[in-house]
Structure formats: C-alpha cells, structure tokens
file entry_27.txt (compact mmCIF, N, CA and C atoms)
# COMPACT_ATOMS: atom_id res chain seq x y z
N MET A 1374 26.14 3.34 0.36
CA MET A 1374 24.76 3.71 0.56
C MET A 1374 24.12 2.78 1.59
N GLU A 1375 23.45 3.39 2.55
CA GLU A 1375 22.80 2.60 3.59
C GLU A 1375 21.55 1.91 3.05
N LYS A 1376 21.30 0.74 3.58
CA LYS A 1376 20.12 -0.02 3.18
C LYS A 1376 18.87 0.63 3.78
N ASN A 1377 17.78 0.61 3.00
CA ASN A 1377 16.52 1.16 3.50
C ASN A 1377 15.96 0.29 4.61
N VAL A 1378 15.39 0.95 5.61
CA VAL A 1378 14.71 0.28 6.70
C VAL A 1378 13.24 0.65 6.57
N ILE A 1379 12.40 -0.36 6.42
CA ILE A 1379 10.98 -0.12 6.20
C ILE A 1379 10.18 -0.76 7.34
N ASN A 1380 9.39 0.07 8.01
CA ASN A 1380 8.50 -0.41 9.07
C ASN A 1380 7.07 -0.13 8.64
N VAL A 1381 6.16 -0.98 9.09
CA VAL A 1381 4.75 -0.87 8.73
C VAL A 1381 3.94 -0.76 10.02
N LEU A 1382 3.06 0.25 10.08
CA LEU A 1382 2.21 0.39 11.26
C LEU A 1382 1.31 -0.84 11.43
N PRO A 1383 1.04 -1.21 12.67
CA PRO A 1383 0.14 -2.36 12.91
C PRO A 1383 -1.23 -2.18 12.24
N SER A 1384 -1.74 -0.96 12.17
CA SER A 1384 -3.05 -0.73 11.54
C SER A 1384 -3.02 -1.09 10.06
N VAL A 1385 -1.90 -0.89 9.39
CA VAL A 1385 -1.76 -1.26 7.98
C VAL A 1385 -1.71 -2.78 7.85
N ILE A 1386 -0.97 -3.42 8.73
CA ILE A 1386 -0.89 -4.88 8.72
C ILE A 1386 -2.28 -5.48 8.95
N ASP A 1387 -3.02 -4.92 9.92
CA ASP A 1387 -4.38 -5.40 10.18
C ASP A 1387 -5.28 -5.22 8.96
N TYR A 1388 -5.18 -4.07 8.31
CA TYR A 1388 -5.99 -3.80 7.12
C TYR A 1388 -5.71 -4.84 6.03
N LEU A 1389 -4.44 -5.10 5.78
CA LEU A 1389 -4.09 -6.05 4.73
C LEU A 1389 -4.49 -7.48 5.10
N ASP A 1390 -4.38 -7.82 6.38
CA ASP A 1390 -4.84 -9.15 6.82
C ASP A 1390 -6.34 -9.30 6.60
N GLU A 1391 -7.10 -8.26 6.94
CA GLU A 1391 -8.55 -8.28 6.75
C GLU A 1391 -8.90 -8.29 5.26
N LEU A 1392 -8.08 -7.63 4.46
CA LEU A 1392 -8.31 -7.58 3.02
C LEU A 1392 -8.31 -8.98 2.42
N ILE A 1393 -7.44 -9.84 2.89
CA ILE A 1393 -7.38 -11.21 2.39
C ILE A 1393 -8.75 -11.88 2.54
N ILE A 1394 -9.31 -11.76 3.72
CA ILE A 1394 -10.60 -12.39 4.00
C ILE A 1394 -11.71 -11.76 3.16
N LYS A 1395 -11.71 -10.43 3.07
CA LYS A 1395 -12.74 -9.74 2.28
C LYS A 1395 -12.68 -10.13 0.81
N LEU A 1396 -11.49 -10.20 0.27
CA LEU A 1396 -11.34 -10.57 -1.14
C LEU A 1396 -11.87 -11.98 -1.40
N TYR A 1397 -11.61 -12.86 -0.47
CA TYR A 1397 -12.08 -14.23 -0.62
C TYR A 1397 -13.60 -14.32 -0.40
N GLU A 1398 -14.09 -13.71 0.68
CA GLU A 1398 -15.52 -13.79 0.98
C GLU A 1398 -16.37 -13.11 -0.08
N ASN A 1399 -15.88 -12.04 -0.69
CA ASN A 1399 -16.62 -11.34 -1.73
C ASN A 1399 -16.37 -11.92 -3.12
N GLU A 1400 -15.70 -13.05 -3.13
CA GLU A 1400 -15.47 -13.85 -4.33
C GLU A 1400 -14.67 -13.14 -5.42
N TYR A 1401 -13.77 -12.26 -4.99
CA TYR A 1401 -12.81 -11.71 -5.96
C TYR A 1401 -11.79 -12.78 -6.32
N PHE A 1402 -11.58 -13.70 -5.38
CA PHE A 1402 -10.70 -14.85 -5.59
C PHE A 1402 -11.43 -16.10 -5.16
N GLY A 1403 -11.27 -17.17 -5.93
CA GLY A 1403 -11.95 -18.42 -5.63
C GLY A 1403 -11.27 -19.24 -4.55
N PHE A 1404 -10.01 -18.93 -4.29
CA PHE A 1404 -9.26 -19.66 -3.27
C PHE A 1404 -8.63 -18.68 -2.30
N LEU A 1405 -8.64 -19.03 -1.05
CA LEU A 1405 -8.05 -18.17 -0.03
C LEU A 1405 -6.57 -17.95 -0.32
N GLU A 1406 -5.90 -18.97 -0.81
CA GLU A 1406 -4.47 -18.86 -1.12
C GLU A 1406 -4.22 -17.80 -2.20
N SER A 1407 -5.13 -17.65 -3.14
CA SER A 1407 -4.98 -16.64 -4.19
C SER A 1407 -5.10 -15.23 -3.60
N ALA A 1408 -6.02 -15.04 -2.68
CA ALA A 1408 -6.15 -13.75 -2.00
C ALA A 1408 -4.91 -13.46 -1.18
N GLU A 1409 -4.36 -14.48 -0.52
CA GLU A 1409 -3.13 -14.31 0.26
C GLU A 1409 -1.97 -13.90 -0.65
N THR A 1410 -1.87 -14.51 -1.81
CA THR A 1410 -0.81 -14.18 -2.76
C THR A 1410 -0.95 -12.74 -3.25
N TYR A 1411 -2.17 -12.34 -3.54
CA TYR A 1411 -2.44 -10.98 -4.00
C TYR A 1411 -1.93 -9.95 -2.98
N VAL A 1412 -2.29 -10.15 -1.72
CA VAL A 1412 -1.88 -9.22 -0.67
C VAL A 1412 -0.38 -9.33 -0.41
N SER A 1413 0.15 -10.52 -0.47
CA SER A 1413 1.59 -10.72 -0.29
C SER A 1413 2.39 -9.95 -1.34
N ASN A 1414 1.87 -9.90 -2.56
CA ASN A 1414 2.54 -9.14 -3.62
C ASN A 1414 2.61 -7.65 -3.29
N ILE A 1415 1.58 -7.13 -2.64
CA ILE A 1415 1.62 -5.72 -2.23
C ILE A 1415 2.79 -5.52 -1.27
N TYR A 1416 2.87 -6.38 -0.25
CA TYR A 1416 3.98 -6.29 0.70
C TYR A 1416 5.33 -6.41 -0.01
N ASP A 1417 5.43 -7.39 -0.89
CA ASP A 1417 6.71 -7.70 -1.53
C ASP A 1417 7.21 -6.56 -2.41
N PHE A 1418 6.31 -5.81 -3.04
CA PHE A 1418 6.72 -4.75 -3.94
C PHE A 1418 7.08 -3.45 -3.22
N ILE A 1419 6.70 -3.29 -1.98
CA ILE A 1419 6.96 -2.02 -1.27
C ILE A 1419 8.44 -1.66 -1.27
N PRO A 1420 9.36 -2.54 -0.88
CA PRO A 1420 10.78 -2.13 -0.88
C PRO A 1420 11.27 -1.72 -2.27
N GLU A 1421 10.88 -2.46 -3.29
CA GLU A 1421 11.30 -2.13 -4.65
C GLU A 1421 10.73 -0.78 -5.09
N LEU A 1422 9.47 -0.55 -4.78
CA LEU A 1422 8.83 0.71 -5.16
C LEU A 1422 9.46 1.90 -4.43
N ILE A 1423 9.74 1.72 -3.15
CA ILE A 1423 10.36 2.80 -2.38
C ILE A 1423 11.73 3.15 -2.95
N GLU A 1424 12.45 2.13 -3.37
CA GLU A 1424 13.79 2.36 -3.90
C GLU A 1424 13.78 2.94 -5.32
N ASN A 1425 12.84 2.51 -6.15
CA ASN A 1425 12.90 2.85 -7.57
C ASN A 1425 11.88 3.87 -8.06
N GLN A 1426 10.86 4.13 -7.28
CA GLN A 1426 9.82 5.04 -7.74
C GLN A 1426 10.01 6.42 -7.12
N THR A 1427 9.63 7.44 -7.86
CA THR A 1427 9.66 8.80 -7.32
C THR A 1427 8.65 8.90 -6.20
N HIS A 1428 9.08 9.47 -5.09
CA HIS A 1428 8.19 9.65 -3.95
C HIS A 1428 7.38 10.92 -4.19
N LYS A 1429 6.09 10.76 -4.35
CA LYS A 1429 5.21 11.89 -4.62
C LYS A 1429 4.76 12.50 -3.30
N GLN A 1430 4.62 13.82 -3.30
CA GLN A 1430 4.08 14.51 -2.13
C GLN A 1430 2.60 14.15 -2.01
N ALA A 1431 2.18 13.82 -0.81
CA ALA A 1431 0.77 13.52 -0.58
C ALA A 1431 -0.04 14.80 -0.71
N PRO A 1432 -1.23 14.71 -1.29
CA PRO A 1432 -2.09 15.89 -1.35
C PRO A 1432 -2.47 16.34 0.05
N ALA A 1433 -2.78 17.61 0.20
CA ALA A 1433 -3.09 18.17 1.52
C ALA A 1433 -4.18 17.37 2.23
N GLU A 1434 -5.18 16.90 1.48
CA GLU A 1434 -6.29 16.17 2.08
C GLU A 1434 -5.87 14.82 2.65
N LEU A 1435 -4.72 14.31 2.23
CA LEU A 1435 -4.28 12.99 2.68
C LEU A 1435 -2.97 13.01 3.46
N LYS A 1436 -2.44 14.19 3.74
CA LYS A 1436 -1.16 14.28 4.46
C LYS A 1436 -1.22 13.66 5.84
N LYS A 1437 -2.41 13.55 6.41
CA LYS A 1437 -2.52 12.92 7.73
C LYS A 1437 -2.08 11.45 7.68
N HIS A 1438 -2.10 10.88 6.48
CA HIS A 1438 -1.72 9.48 6.30
C HIS A 1438 -0.23 9.31 6.00
N GLY A 1439 0.45 10.39 5.70
CA GLY A 1439 1.87 10.32 5.37
C GLY A 1439 2.23 11.47 4.46
N LYS A 1440 3.48 11.88 4.52
CA LYS A 1440 3.91 13.02 3.71
C LYS A 1440 4.12 12.64 2.25
N PHE A 1441 4.38 11.37 1.99
CA PHE A 1441 4.69 10.90 0.64
C PHE A 1441 3.85 9.67 0.32
N TYR A 1442 3.79 9.37 -0.98
CA TYR A 1442 3.16 8.12 -1.39
C TYR A 1442 3.81 7.60 -2.67
N ILE A 1443 3.64 6.31 -2.86
CA ILE A 1443 4.05 5.62 -4.08
C ILE A 1443 2.84 4.81 -4.52
N SER A 1444 2.86 4.33 -5.74
CA SER A 1444 1.72 3.54 -6.22
C SER A 1444 2.18 2.19 -6.75
N TYR A 1445 1.28 1.25 -6.64
CA TYR A 1445 1.51 -0.12 -7.12
C TYR A 1445 0.28 -0.55 -7.90
N SER A 1446 0.47 -0.94 -9.13
CA SER A 1446 -0.63 -1.41 -9.97
C SER A 1446 -0.69 -2.93 -9.87
N SER A 1447 -1.72 -3.43 -9.20
CA SER A 1447 -1.83 -4.88 -9.00
C SER A 1447 -2.49 -5.58 -10.18
N ASN A 1448 -3.29 -4.83 -10.93
CA ASN A 1448 -3.91 -5.36 -12.15
C ASN A 1448 -4.42 -4.17 -12.97
N LYS A 1449 -5.15 -4.44 -14.05
CA LYS A 1449 -5.60 -3.36 -14.93
C LYS A 1449 -6.60 -2.43 -14.28
N ARG A 1450 -7.28 -2.90 -13.24
CA ARG A 1450 -8.33 -2.10 -12.62
C ARG A 1450 -7.96 -1.50 -11.28
N THR A 1451 -6.93 -1.99 -10.64
CA THR A 1451 -6.65 -1.56 -9.26
C THR A 1451 -5.24 -1.04 -9.10
N ASN A 1452 -5.15 0.18 -8.60
CA ASN A 1452 -3.88 0.79 -8.20
C ASN A 1452 -3.91 0.99 -6.70
N TRP A 1453 -2.84 0.59 -6.06
CA TRP A 1453 -2.69 0.77 -4.62
C TRP A 1453 -1.80 1.97 -4.36
N TYR A 1454 -2.13 2.73 -3.33
CA TYR A 1454 -1.36 3.91 -2.94
C TYR A 1454 -0.85 3.68 -1.52
N ILE A 1455 0.46 3.71 -1.39
CA ILE A 1455 1.13 3.42 -0.13
C ILE A 1455 1.67 4.74 0.41
N PHE A 1456 1.15 5.16 1.56
CA PHE A 1456 1.54 6.43 2.18
C PHE A 1456 2.56 6.17 3.28
N PHE A 1457 3.52 7.08 3.36
CA PHE A 1457 4.60 6.88 4.32
C PHE A 1457 5.26 8.20 4.69
N ASN A 1458 5.98 8.15 5.77
CA ASN A 1458 6.90 9.22 6.15
C ASN A 1458 8.30 8.65 6.01
N ARG A 1459 9.25 9.52 5.81
CA ARG A 1459 10.62 9.05 5.67
C ARG A 1459 11.57 10.00 6.38
N ARG A 1460 12.64 9.42 6.83
CA ARG A 1460 13.75 10.18 7.40
C ARG A 1460 15.00 9.44 6.97
N ASP A 1461 15.77 10.09 6.12
CA ASP A 1461 16.95 9.47 5.52
C ASP A 1461 16.55 8.16 4.84
N ASN A 1462 17.09 7.05 5.31
CA ASN A 1462 16.79 5.76 4.68
C ASN A 1462 15.76 4.96 5.48
N ARG A 1463 15.06 5.63 6.38
CA ARG A 1463 14.05 4.97 7.22
C ARG A 1463 12.65 5.37 6.75
N PHE A 1464 11.79 4.38 6.56
CA PHE A 1464 10.45 4.61 6.04
C PHE A 1464 9.42 3.99 6.97
N LEU A 1465 8.36 4.73 7.22
CA LEU A 1465 7.26 4.22 8.04
C LEU A 1465 6.00 4.22 7.18
N ILE A 1466 5.53 3.03 6.83
CA ILE A 1466 4.30 2.87 6.05
C ILE A 1466 3.14 3.11 7.01
N LYS A 1467 2.33 4.13 6.69
CA LYS A 1467 1.26 4.54 7.59
C LYS A 1467 -0.14 4.22 7.10
N TYR A 1468 -0.30 4.04 5.78
CA TYR A 1468 -1.66 3.90 5.25
C TYR A 1468 -1.59 3.33 3.85
N ILE A 1469 -2.56 2.51 3.52
CA ILE A 1469 -2.67 1.97 2.16
C ILE A 1469 -4.13 2.09 1.73
N THR A 1470 -4.32 2.56 0.51
CA THR A 1470 -5.66 2.65 -0.06
C THR A 1470 -5.57 2.30 -1.54
N ASN A 1471 -6.71 2.26 -2.21
CA ASN A 1471 -6.66 2.00 -3.65
C ASN A 1471 -7.61 2.91 -4.39
N ASN A 1472 -7.60 2.83 -5.69
CA ASN A 1472 -8.37 3.74 -6.52
C ASN A 1472 -9.88 3.49 -6.43
N HIS A 1473 -10.32 2.45 -5.75
CA HIS A 1473 -11.74 2.18 -5.58
C HIS A 1473 -12.30 2.82 -4.30
N MET A 1474 -11.44 3.40 -3.50
CA MET A 1474 -11.85 3.98 -2.22
C MET A 1474 -12.13 5.48 -2.39
N PRO A 1475 -13.01 6.04 -1.54
CA PRO A 1475 -13.37 7.45 -1.68
C PRO A 1475 -12.20 8.44 -1.61
N ASP A 1476 -11.21 8.14 -0.79
CA ASP A 1476 -10.09 9.08 -0.65
C ASP A 1476 -9.20 9.14 -1.89
N ALA A 1477 -9.36 8.20 -2.81
CA ALA A 1477 -8.56 8.20 -4.03
C ALA A 1477 -8.90 9.37 -4.95
N LYS A 1478 -10.02 10.02 -4.74
CA LYS A 1478 -10.39 11.16 -5.59
C LYS A 1478 -9.38 12.30 -5.45
N PHE A 1479 -8.60 12.30 -4.39
CA PHE A 1479 -7.61 13.36 -4.17
C PHE A 1479 -6.28 13.07 -4.87
N LEU A 1480 -6.13 11.87 -5.41
CA LEU A 1480 -4.86 11.49 -6.04
C LEU A 1480 -4.87 11.72 -7.53
call {"tool": "encode", "arguments": {"input": "entry_27.txt", "output": "structure tokens"}}
result
Amino acid sequence: MEKNVINVLPSVIDYLDELIIKLYENEYFGFLESAETYVSNIYDFIPELIENQTHKQAPAELKKHGKFYISYSSNKRTNWYIFFNRRDNRFLIKYITNNHMPDAKFL
C-alpha cells in the first residue's frame, strides 16, 4: 500500500497561523505557546484522520471547499471540519472550519 501524500493549500496554512494569534488575543489561551499547541494538534491529527476516518461527502453548499471532509474534535465544544480533494493516495487540504462558524450549519 502506498503512503498517503498530504498537501495543504497556503490559504489554510495562513488561516491556522492567524488562528494562533486570534486564540491568544481573545484570551481563549493564556499563553501563546498553548494556542500554538492547540493549532499544532489540528495539523498533527490530519494524517491519522485521513487514514482512519470515513471520508464524508461534502454537502452541496460546501463542495467548493473540497469534495470530502473529515472531522476532528479538539475539545467538548469545538469540532473542526477539514475539507479536501483526493486522488488515489494524494490529498489536498483546501479548507478548515469549525462548528462555531456560519458554514457549519450545512454539516
């Protein structure tokens, strides 16, 4: 079995980098390092989730972000949705959102 190849769009990387600052500035985390760890965990779980979780078809309203999605529960209140396209063992992460965002109503 070929190993999965996972690429992430620069816009997703930028979003997650900005998320670190927002989480810290809005006092969701008291230390910048804690916000960095939180976001790092999202990155770290993507390969495991892609390999072990069922790839759900994206709803029609969100297909522009990717044909499939997986979810990651970072805590009791927040679920992250990772949208991607795939071809064989190659995955392109195109968008990330969570259940607190308006587009989550479609999930």
call {"tool": "atom_distance", "arguments": {"input": "entry_27.txt", "atom1": "CA of Asn1380 (chain A)", "atom2": "CA of Phe1404 (chain A)"}}
result
29.0 Å
call {"tool": "closest_residue", "arguments": {"input": "entry_27.txt", "among": "A:Ser1413, A:Leu1382, A:Ser1446, A:Glu1398", "to": "Asn1458 (chain A)", "atoms": "only C-alpha atoms"}}
result
A:Leu1382
call {"tool": "residues_around", "arguments": {"input": "entry_27.txt", "residues": "Asn1471 (chain A)", "least_positions_apart": "4", "cutoff": "7 Å", "atoms": "only C-alpha atoms", "output": "MDAnalysis selection string"}}
result
chainID A and resid 1451:1454 1477
call {"tool": "atom_distance", "arguments": {"input": "entry_27.txt", "atom1": "CA of Lys1478 (chain A)", "atom2": "CA of Pro1383 (chain A)"}}
result
25.2 Å
call {"tool": "select_by_dssp", "arguments": {"input": "entry_27.txt", "residues": "chain A", "states": "helix (DSSP H, G or I)", "output": "PyMOL selection string"}}
result
chain A and resi 1383-1398+1405-1425+1433-1438+1475-1479
call {"tool": "atom_distance", "arguments": {"input": "entry_27.txt", "atom1": "CA of Arg1463 (chain A)", "atom2": "CA of Lys1436 (chain A)"}}
result
18.0 Å
